[in-house]
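Okay, structure first, notes after.
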Amino acid sequence: MTTRLIYFAWVRERIGVAEEDVDLPTGIETVADLLRWLKSRGEEYEHALQYPDVIRVAINQEHVEHREKIAGAREIALFPPMTGG
Amino acid sequence: MTGAVVPVVRIQAQDFDVAAEIARLTQGRADIGAVVSFSGLCRDEQGTLSALELEHYPGMAEAEIARIAAEAVERWPLQGLTAIHRHGKIAPGENIVLVVTASAHRQAAFEAANFLMDYLKSRAPFWKKEHRADGSEGGWVEAKEADDEAAGRWKSSD
């Protein structure tokens with residue numbers, strides 16, 4: 001199944017694309033698994049996800065914790081802590 | 001009572017008119033006794049900042065603020081609620097965000113507005129990038145731990 005990944009702010013700048021569609025390999029079950037896999041995809045990803053703990057994640061436009069399962073996710077967004085308001 | 005309050009949530013590039021937004025909530029009503037409005041503006045940081053660029057997550061920004069507004073309506077006896085957040089390039093002195101709450105008595109309106117702003121800051125998907133006055137590239141504004149703590153104090157202990 002294809003999953004759309006969307007990046008914002010410095011995560012987007014460091015990875016170098018705003019979004020991409022990926023086929024997740026088997027074994028990627030949680031958000032933490034996804035971050036670990038992404039980080040291994042190249043220098044840009046390594047740079048963006050160097051400190052995975054600070055990365056915030058939303059699945060289908062709702063905030064989730066890193067232990068959340070990603071089965072059925074159409075859209076997963078990765079971004080830094082928010083600074084609106 | 002005129003039934004459940006339907007919060008007004010808007011995400012927009014253009015500016016908003018604070019007085020007009022307050023009037024929209026109170027017009028034609030005689031049951032509202034208190035209106036609180038909070039506006040957040042862009043600061044120039046002692047002249048060093050020429051603009052803030054606000055990036056947002058379209059779709060989720062609306063959805064998340066609507067979720068926060070729905071929680072406020074559930075927790076306080078509100079008679080009206082408006083939340084507006086701008087995106088794009090915003091110059092010092094311009095508006096960024098507006099929260100308006102209306103209730104019969106002041107406490108609910110004050111507390112709900114405070115709650116909305118604390119949650120907006122830590123949960124609404126917006127990111128600020130600085131444009132420096134000297135033309136050099138500014139960085140992304142860093143999230144403050146104090147903002148997370150401010151949001152945390154609204155968690156019920158039960």
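Each chain of the structure tokens is named A, B, ... in the order shown, its residues numbered from 1; ligands are numbered from 1 in display order.
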
Mind listing as an NGL selection string which residues of chain B are within 7 Å of chain A, counting only C-alpha atoms?
:B and (40 or 55 or 60 or 97 or 117 or 120-128 or 141-143)

Close residues, Gly80 in chain B itself excluded, 9 Å, only C-alpha atoms, min 5 positions apart in chain, as a PyMOL selection string:
chain B and resi 5-8+25-26+32+35+73+100-103

All alpha helix (DSSP H) residues (DSSP, backbone) inside range 43-88 of chain B, as a list in words:
Met60, Ala61, Glu62, Ala63, Glu64, Ile65, Ala66, Arg67, Ile68, Ala69, Ala70, Glu71, Ala72, Val73, Glu74 and Arg75 of chain B

The selected residues should be written to file as a CSV table (one decimal), in the first residue's frame (atoms: C-alpha atoms).
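Saved to part_6.csv:
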```
chain,number,residue,atom,x,y,z
B,60,MET,CA,-5.1,19.7,9.7
B,61,ALA,CA,-4.8,23.3,10.8
B,62,GLU,CA,-8.5,23.8,10.5
B,63,ALA,CA,-9.3,20.3,12.0
B,64,GLU,CA,-7.0,20.7,15.0
B,65,ILE,CA,-8.3,24.2,15.9
B,66,ALA,CA,-11.8,22.9,15.5
B,67,ARG,CA,-11.0,20.0,17.9
B,68,ILE,CA,-9.5,22.5,20.4
B,69,ALA,CA,-12.6,24.8,20.0
B,70,ALA,CA,-15.0,21.9,20.5
B,71,GLU,CA,-13.2,21.0,23.8
B,72,ALA,CA,-13.5,24.6,25.0
B,73,VAL,CA,-17.2,24.6,24.2
B,74,GLU,CA,-17.6,21.4,26.2
B,75,ARG,CA,-15.6,22.7,29.2
```

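The interatomic distance for the pair CA of Leu98 in chain B and CA of Ile84 in chain B works out to 5.1 Å.
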
Residue neighbourhood Glu137 in chain B, 12 Å, only C-alpha atoms, exclusion window fewer than 3 positions, as a VMD selection string:
chain B and resid 48 to 53 129 to 134 140

Keeping only N, CA and C atoms, write those residues as a PDB file, in the first residue's frame.
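File again20.pdb, as written:
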```pdb
ATOM      1  N   THR B  48      15.030  43.953  14.711  1.00  0.00           N
ATOM      2  CA  THR B  48      15.846  42.980  13.976  1.00  0.00           C
ATOM      3  C   THR B  48      15.035  42.123  13.006  1.00  0.00           C
ATOM      4  N   LEU B  49      13.709  42.146  13.172  1.00  0.00           N
ATOM      5  CA  LEU B  49      12.858  41.261  12.366  1.00  0.00           C
ATOM      6  C   LEU B  49      12.078  42.066  11.325  1.00  0.00           C
ATOM      7  N   SER B  50      12.103  41.606  10.060  1.00  0.00           N
ATOM      8  CA  SER B  50      11.337  42.320   9.040  1.00  0.00           C
ATOM      9  C   SER B  50      10.007  41.642   8.754  1.00  0.00           C
ATOM     10  N   ALA B  51       9.905  40.353   9.042  1.00  0.00           N
ATOM     11  CA  ALA B  51       8.637  39.641   8.853  1.00  0.00           C
ATOM     12  C   ALA B  51       8.717  38.243   9.452  1.00  0.00           C
ATOM     13  N   LEU B  52       7.550  37.678   9.694  1.00  0.00           N
ATOM     14  CA  LEU B  52       7.454  36.262  10.051  1.00  0.00           C
ATOM     15  C   LEU B  52       6.752  35.567   8.896  1.00  0.00           C
ATOM     16  N   GLU B  53       7.239  34.387   8.556  1.00  0.00           N
ATOM     17  CA  GLU B  53       6.575  33.581   7.532  1.00  0.00           C
ATOM     18  C   GLU B  53       5.924  32.417   8.275  1.00  0.00           C
ATOM     19  N   LYS B 129       8.829  31.175  10.614  1.00  0.00           N
ATOM     20  CA  LYS B 129      10.212  31.393  10.179  1.00  0.00           C
ATOM     21  C   LYS B 129      10.477  32.893  10.176  1.00  0.00           C
ATOM     22  N   GLU B 130      11.662  33.269  10.663  1.00  0.00           N
ATOM     23  CA  GLU B 130      11.982  34.692  10.751  1.00  0.00           C
ATOM     24  C   GLU B 130      12.624  35.211   9.474  1.00  0.00           C
ATOM     25  N   HIS B 131      12.246  36.419   9.095  1.00  0.00           N
ATOM     26  CA  HIS B 131      12.961  37.150   8.053  1.00  0.00           C
ATOM     27  C   HIS B 131      13.642  38.309   8.766  1.00  0.00           C
ATOM     28  N   ARG B 132      14.968  38.388   8.651  1.00  0.00           N
ATOM     29  CA  ARG B 132      15.710  39.415   9.394  1.00  0.00           C
ATOM     30  C   ARG B 132      15.712  40.747   8.663  1.00  0.00           C
ATOM     31  N   ALA B 133      15.757  41.817   9.453  1.00  0.00           N
ATOM     32  CA  ALA B 133      15.744  43.171   8.895  1.00  0.00           C
ATOM     33  C   ALA B 133      17.012  43.461   8.096  1.00  0.00           C
ATOM     34  N   ASP B 134      18.149  42.826   8.467  1.00  0.00           N
ATOM     35  CA  ASP B 134      19.409  43.089   7.754  1.00  0.00           C
ATOM     36  C   ASP B 134      19.531  42.255   6.472  1.00  0.00           C
ATOM     37  N   TRP B 140      14.074  29.095  11.845  1.00  0.00           N
ATOM     38  CA  TRP B 140      12.755  28.712  12.341  1.00  0.00           C
ATOM     39  C   TRP B 140      12.680  29.051  13.824  1.00  0.00           C
TER      40      TRP B 140
END
```

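CA of Cys42 in chain B sits 12.4 Å away from CA of His85 in chain B.
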
Write out as a PyMOL selection string all residues of chain B that backbone DSSP assigns to strand (DSSP E or B).
chain B and resi 8-12+34-41+49-56+78-86+88-90+95-103+126-132+137-140

If you measure from CA of Asp33 in chain A to CA of Ala146 in chain B, what distance in Å do you get, rounded to one decimal?
29.5 Å

Polymer residues at most 10 Å from Ile55 in chain A, only C-alpha atoms, same-chain spacing of 2 or more positions, as JSON, numbers by chain
{"A": [11, 35, 48, 49, 50, 51, 52, 53, 57, 66, 77, 78, 79, 80, 81]}

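Closest approach to Ile15 in chain A among A:Ile76, A:Ile28, A:Lys69, A:Gly42: A:Gly42, based on only C-alpha atoms.
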
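Using only C-alpha atoms, the contacts of Arg4 in chain A at a cut-off of 8 Å, with sequence neighbours closer than 5 positions omitted, comprise Glu19, Glu20, Asp21, Val22, Arg74, Glu75 and Ile76 of chain A.
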
Residue subset to file, keeping N, CA and C atoms, as a tab-separated table (two decimals), in the first residue's frame:
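Once written, result00.tsv looks like this:
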```tsv
chain	number	residue	atom	x	y	z
A	19	GLU	N	6.59	16.59	-0.03
A	19	GLU	CA	5.84	15.34	0.18
A	19	GLU	C	6.29	14.28	-0.80
A	20	GLU	N	6.00	13.04	-0.48
A	20	GLU	CA	6.35	11.93	-1.37
A	20	GLU	C	5.47	10.74	-1.04
A	21	ASP	N	5.27	9.89	-2.04
A	21	ASP	CA	4.52	8.66	-1.83
A	21	ASP	C	5.51	7.52	-1.70
A	22	VAL	N	5.35	6.73	-0.67
A	22	VAL	CA	6.30	5.62	-0.45
A	22	VAL	C	5.54	4.30	-0.25
A	74	ARG	N	-3.29	6.85	5.47
A	74	ARG	CA	-3.21	7.36	4.10
A	74	ARG	C	-2.15	8.43	4.02
A	75	GLU	N	-2.07	9.22	5.09
A	75	GLU	CA	-1.24	10.41	5.08
A	75	GLU	C	-0.52	10.53	6.42
A	76	ILE	N	0.79	10.56	6.38
A	76	ILE	CA	1.57	10.72	7.61
A	76	ILE	C	2.42	11.97	7.47
```

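With only C-alpha atoms as the basis for measurement, A:Ala71 is the residue among A:Ala71, A:Arg12, A:Glu43, A:Val17 that approaches Val31 in chain A most closely.
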
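With only C-alpha atoms as the basis for measurement, A:Leu38 is the residue among A:Leu38, A:Val54, A:Val64, A:Ile59 that approaches Pro25 in chain A most closely.
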
So which one's closest to Ala20 in chain B, B:Pro92, B:Ser37, B:Gly138, B:Asp44? Using only C-alpha atoms, please.
B:Ser37
